[in-house]
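Have a look at the structure below before the remarks.
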Amino acid sequence: MSIAYIDPGNLEGDLQAGANTGYILLWVLVWSTVMGGALQLLAAKLGVATGQHLAQHCRAEYPRFPRLLMWVMIEIAIIGCDIQEVIGSAIAIFILSKGVIPLYAGVIITALDSFLLLLIDWLGVRRLEAMFGVLVGVMAIAFGVMFADAGVNIGQVLEGIAIPRMTRSSVHYAVAIVGAIIMPHNIYLHSALVQSRNISRSKVARKKEAIAYFSMESALALLISLFINLCVVSVFAKGFYGKGAGDIGLKNAGDYLGERFGSHMTFIWALGLLAAGQTSTMTGTYSGQFVMGGFLNLNVVKWQRIAITRSAAIAPTLLVALAFRNQDTKLDSLNEWINVLQSVQLPFALIPVLAMTSSERIMGAAFVNHWMTSTIGWTIAAGILAINASDVYEFASNEVAGRLWVLGLLIAAVALYLTFVLYLTIGPIRYCT
């Protein structure tokens with residue numbers, strides 16, 4: 001589960017937040033992780049209690065058109081995540097090879113190594129999990145060493161966690177953090193992964209026991225991911241906030257860290273980034289398989305799914321890598337906006353999982369959400385919509401001022417988006433009863 005919270009998109013959001021806003025958004029990071037964990041647990045409860053994952057329930061409960069529209073939105077989120085994984089791994093390979101392997105070659109290598117991971121998966125899911133455990137351990141050690149070497153002020157870290165603050169200029173970075181932490185397709189994925197365990201589904205007590213164990217497992221995974229993300233934000237806040245370092249992203253972050261803290265930090269950064277890219281590779285593959293199978297009742301074998309999603313991810317990434325190979329910030333800007341895209345797509349996972357788990361017809365009396373759980377969940381959803389609205393307003397103020405036709409298109413798009421979100425919230429009659 002921790003893999004979903006420490007992919008290259010997360011690292012991009014972390015370093016941008018630290019370098020541009022200092023420590024003030026650490027509370028956003030912490031509470032985003034808590035909210036993400038809460039939503040993942042709801043997804044796990046749905047999978048355990050009903051024996052079906054979220055995408056399957058969406059196919060059963062929603063009419064055809066909104067169901068297909070939701071599927072398209074989640075597929076866009078998956079492809080966006082795949083692009084981030086490709087970018088992150090390609091940049092790591094470029095840094096570790098000292099520029100010998102160019103970005104476009106790193107993109108191709110990253111695309112091909114997905115099939116190597118499939119081979120490990122074919123040998124057994126436990127072997128794949130063990131490999132991921134090793135890679136997450138590499139990340140924790142690498143970024144932990146980076147945190148220790150940077151001499152981060154612990155007092156400022158605790159202050160950033162404890163005191164909620166946000167300036168107008170930091171809203172965009174807060175949205176990117178939320179989008180990177182709570183990715184919509186991972187909610188669909190977690191509702192399906194829990195069914196890989198052997199659970200006696202005829203006994204309520206066994207189901208509750210399984211949910212309790214999943215909760216403990218998720219809590220540990222979240223603590224590990226939070227530690228890694230806190231390390232990255234804090235190091236970049238310590239080294240670069242307010243020091244006029246210029247634009248920092250995944251590619252030139254290693255150089256900046258090397259200049260600021262020593263050349264060994266460049267290697268540590270690249271090693272952690274490569275581990276992040278590799279661990280998150282299978283997340284998109286599994287998510288896409290369950291989402292496509294659930295929404296469309298269409299089962300696609302994993303290698304075909306990889307070919308589809310990687311082709312969709314590699315084409316734009318390869319073009320950007322070739323077009324902007326001498327302009328480091330372009331790939332980072334793409335990464336950052338993908339994080340914002342993930343946040344915009346969140347309601348298409350949040351609303352269904354909240355509505356499903358709040359339905360006694362679907363969950364049964366023993367597992368339906370308590371009214372307090374539902375209230376907290378809907379509050380989280382409303383908060384995410386509010387912060388998204390703030391970011392759209394900021395974008396409109398800065399980017400489309402004076403261009404009325406662009407503003408008109410933006411207003412129309414926002415109106416359609418909110419209408420669809422409202423529809424999902426209210427839902428058809430058969431869905432709400």
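We name chains A, B, ... following the order of the structure tokens; residues begin at 1 in each chain, and ligands are numbered from 1 as shown.
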
Pick out the residues sitting within 6 Å of region 339-348 of chain A, and hand them over as an mmCIF file with C-alpha atoms, in the first residue's frame; count only C-alpha atoms, and ignore anything fewer than 4 positions along from it in its own chain.
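Contents of result-v8.cif, freshly written:
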```
data_model
loop_
_atom_site.group_PDB
_atom_site.id
_atom_site.type_symbol
_atom_site.label_atom_id
_atom_site.label_comp_id
_atom_site.auth_asym_id
_atom_site.auth_seq_id
_atom_site.Cartn_x
_atom_site.Cartn_y
_atom_site.Cartn_z
ATOM 1 C CA ALA A 77 -5.585 9.239 -14.043
ATOM 2 C CA VAL A 175 -3.363 20.726 -4.553
ATOM 3 C CA ALA A 176 -0.406 18.895 -6.093
ATOM 4 C CA GLY A 179 -3.376 14.798 -5.891
ATOM 5 C CA ALA A 180 -0.090 12.926 -5.505
ATOM 6 C CA MET A 183 -4.672 9.037 -6.290
ATOM 7 C CA PRO A 184 -8.113 7.954 -7.515
#
```

Among region 166-373 of chain A, which residues carry a DSSP assignment of alpha helix (DSSP H), reported as a PyMOL selection string? chain A and resi 171-181+184-193+204-240+250-261+264-279+281-296+302-323+328-345+347-357+360-363+371-373

Let me see the file: selected residues, C-alpha atoms, as a compact mmCIF listing (two decimals), in the first residue's frame.
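Done, and the output landed in again-v7.txt:
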```txt
# COMPACT_ATOMS: atom_id res chain seq x y z
CA VAL A 171 -2.46 26.68 -2.92
CA HIS A 172 -1.20 25.17 -6.18
CA TYR A 173 1.45 23.16 -4.32
CA ALA A 174 -1.11 22.00 -1.76
CA VAL A 175 -3.36 20.73 -4.55
CA ALA A 176 -0.41 18.89 -6.09
CA ILE A 177 0.38 17.23 -2.75
CA VAL A 178 -3.23 16.09 -2.32
CA GLY A 179 -3.38 14.80 -5.89
CA ALA A 180 -0.09 12.93 -5.51
CA ILE A 181 -1.03 11.37 -2.15
CA PRO A 184 -8.11 7.95 -7.52
CA HIS A 185 -7.10 4.69 -9.19
CA ASN A 186 -5.45 3.45 -5.98
CA ILE A 187 -8.82 3.48 -4.24
CA TYR A 188 -10.14 1.15 -6.95
CA LEU A 189 -6.98 -0.95 -6.69
CA HIS A 190 -7.11 -1.45 -2.93
CA SER A 191 -10.72 -2.65 -3.03
CA ALA A 192 -9.54 -5.41 -5.38
CA LEU A 193 -6.19 -6.35 -3.82
CA VAL A 204 -19.11 -11.98 9.57
CA ALA A 205 -16.54 -12.44 12.34
CA ARG A 206 -13.88 -13.59 9.85
CA LYS A 207 -14.56 -10.61 7.63
CA LYS A 208 -14.23 -8.21 10.56
CA GLU A 209 -11.00 -9.90 11.57
CA ALA A 210 -9.66 -9.52 8.03
CA ILE A 211 -10.58 -5.83 7.97
CA ALA A 212 -8.77 -5.35 11.31
CA TYR A 213 -5.60 -6.95 9.94
CA PHE A 214 -5.81 -4.89 6.75
CA SER A 215 -6.12 -1.78 8.93
CA MET A 216 -2.93 -2.61 10.82
CA GLU A 217 -1.08 -3.40 7.62
CA SER A 218 -2.26 -0.12 6.09
CA ALA A 219 -1.23 1.89 9.16
CA LEU A 220 2.33 0.56 8.98
CA ALA A 221 2.54 1.22 5.24
CA LEU A 222 1.27 4.77 5.73
CA LEU A 223 3.84 5.48 8.43
CA ILE A 224 6.66 4.38 6.10
CA SER A 225 5.37 6.47 3.21
CA LEU A 226 4.82 9.50 5.46
CA PHE A 227 8.39 9.24 6.74
CA ILE A 228 9.76 9.21 3.18
CA ASN A 229 7.62 12.14 2.02
CA LEU A 230 8.44 14.18 5.14
CA CYS A 231 12.14 13.61 4.52
CA VAL A 232 11.93 14.92 0.95
CA VAL A 233 9.85 18.01 1.78
CA SER A 234 12.05 18.87 4.76
CA VAL A 235 15.37 18.48 2.92
CA PHE A 236 14.29 20.77 0.09
CA ALA A 237 12.78 23.26 2.53
CA LYS A 238 16.04 23.31 4.47
CA GLY A 239 18.29 23.59 1.44
CA PHE A 240 16.43 25.77 -1.02
CA LEU A 250 13.32 15.83 -10.40
CA LYS A 251 16.12 16.13 -12.95
CA ASN A 252 18.19 19.00 -11.54
CA ALA A 253 17.37 18.23 -7.90
CA GLY A 254 20.36 15.88 -7.72
CA ASP A 255 22.72 18.60 -8.93
CA TYR A 256 21.32 21.11 -6.45
CA LEU A 257 21.58 18.62 -3.59
CA GLY A 258 25.15 17.80 -4.58
CA GLU A 259 26.14 21.45 -4.63
CA ARG A 260 24.39 22.19 -1.36
CA PHE A 261 25.13 19.11 0.74
CA HIS A 264 27.07 11.85 -2.46
CA MET A 265 23.60 13.38 -2.15
CA THR A 266 23.19 13.29 -5.93
CA PHE A 267 23.64 9.52 -5.94
CA ILE A 268 21.32 9.06 -2.94
CA TRP A 269 18.61 11.14 -4.64
CA ALA A 270 18.87 9.22 -7.93
CA LEU A 271 18.82 5.85 -6.16
CA GLY A 272 15.68 6.75 -4.22
CA LEU A 273 14.03 8.15 -7.35
CA LEU A 274 14.78 4.97 -9.32
CA ALA A 275 13.33 2.82 -6.54
CA ALA A 276 10.21 5.02 -6.51
CA GLY A 277 9.72 4.66 -10.26
CA GLN A 278 10.16 0.89 -10.22
CA THR A 279 7.91 0.21 -7.24
CA THR A 281 5.26 0.48 -12.14
CA MET A 282 2.93 -2.37 -11.23
CA THR A 283 0.46 -0.07 -9.44
CA GLY A 284 -0.78 1.34 -12.72
CA THR A 285 -0.80 -2.10 -14.33
CA TYR A 286 -2.94 -3.72 -11.64
CA SER A 287 -5.19 -0.66 -11.31
CA GLY A 288 -5.82 -0.58 -15.04
CA GLN A 289 -6.59 -4.28 -15.14
CA PHE A 290 -9.17 -4.10 -12.34
CA VAL A 291 -10.69 -0.81 -13.57
CA MET A 292 -11.10 -2.04 -17.15
CA GLY A 293 -12.38 -5.42 -16.01
CA GLY A 294 -14.82 -3.91 -13.55
CA PHE A 295 -16.29 -1.05 -15.57
CA LEU A 296 -16.41 -2.84 -18.93
CA LYS A 302 -1.42 -8.13 -17.84
CA TRP A 303 1.12 -7.95 -20.66
CA GLN A 304 -1.53 -6.53 -22.99
CA ARG A 305 -2.57 -4.04 -20.33
CA ILE A 306 1.04 -2.92 -19.92
CA ALA A 307 1.37 -2.54 -23.68
CA ILE A 308 -1.76 -0.35 -23.78
CA THR A 309 -1.00 1.92 -20.82
CA ARG A 310 2.74 2.17 -21.46
CA SER A 311 2.14 3.09 -25.10
CA ALA A 312 -0.27 5.83 -24.01
CA ALA A 313 2.23 7.05 -21.42
CA ILE A 314 5.40 6.73 -23.44
CA ALA A 315 4.24 8.58 -26.55
CA PRO A 316 3.80 12.01 -24.87
CA THR A 317 6.70 11.43 -22.49
CA LEU A 318 9.09 10.51 -25.30
CA LEU A 319 8.02 13.56 -27.28
CA VAL A 320 8.60 15.83 -24.28
CA ALA A 321 11.95 14.14 -23.53
CA LEU A 322 13.11 14.73 -27.11
CA ALA A 323 11.68 18.22 -27.46
CA ASP A 328 15.10 20.51 -17.38
CA THR A 329 12.00 22.19 -16.01
CA LYS A 330 9.63 21.08 -18.80
CA LEU A 331 9.42 17.46 -17.62
CA ASP A 332 9.04 18.65 -14.05
CA SER A 333 6.25 21.03 -15.02
CA LEU A 334 4.46 18.12 -16.72
CA ASN A 335 4.85 16.05 -13.55
CA GLU A 336 3.50 18.85 -11.39
CA TRP A 337 0.40 19.39 -13.53
CA ILE A 338 -0.29 15.66 -13.58
CA ASN A 339 -0.46 15.81 -9.77
CA VAL A 340 -3.07 18.56 -10.10
CA LEU A 341 -4.92 16.40 -12.66
CA GLN A 342 -5.01 13.53 -10.14
CA SER A 343 -6.60 15.82 -7.58
CA VAL A 344 -9.25 16.95 -10.08
CA GLN A 345 -10.07 13.29 -10.83
CA PRO A 347 -14.22 12.78 -6.85
CA PHE A 348 -14.71 9.95 -9.37
CA ALA A 349 -13.27 7.56 -6.81
CA LEU A 350 -14.19 9.30 -3.56
CA ILE A 351 -17.90 9.67 -4.20
CA PRO A 352 -18.52 6.07 -5.35
CA VAL A 353 -16.59 4.48 -2.47
CA LEU A 354 -18.36 6.70 0.08
CA ALA A 355 -21.79 6.04 -1.41
CA MET A 356 -21.24 2.27 -1.72
CA THR A 357 -19.96 1.83 1.82
CA GLU A 360 -26.79 -1.00 3.80
CA ARG A 361 -28.19 -2.75 0.72
CA ILE A 362 -24.67 -3.16 -0.65
CA MET A 363 -22.63 -3.60 2.54
CA TRP A 371 -23.05 7.95 10.27
CA MET A 372 -19.92 9.57 11.73
CA THR A 373 -17.69 7.73 9.23
```

CA of Ala415 (chain A) sits from CA of Ala386 (chain A) at a separation of 14.5 Å

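Between Ser169 (chain A) and the candidates A:Ala90, A:Leu54, A:Ala17, A:Leu135, the tightest atom-to-atom separation, counting only C-alpha atoms, involves A:Ala17.
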
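Computed from the coordinates, the CA of Asp149 (chain A) to CA of Ile93 (chain A) distance equals 23.2 Å.
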
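Between Pro63 (chain A) and the residues A:Tyr423, A:Tyr5, A:Trp31, A:Phe367, the shortest atom-to-atom distance, using only C-alpha atoms, involves A:Tyr423.
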
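The smallest atom-to-atom distance between Pro8 (chain A) and any of A:Glu61, A:Glu75, A:Glu85, A:Asp113, using only C-alpha atoms, is found for A:Glu85.
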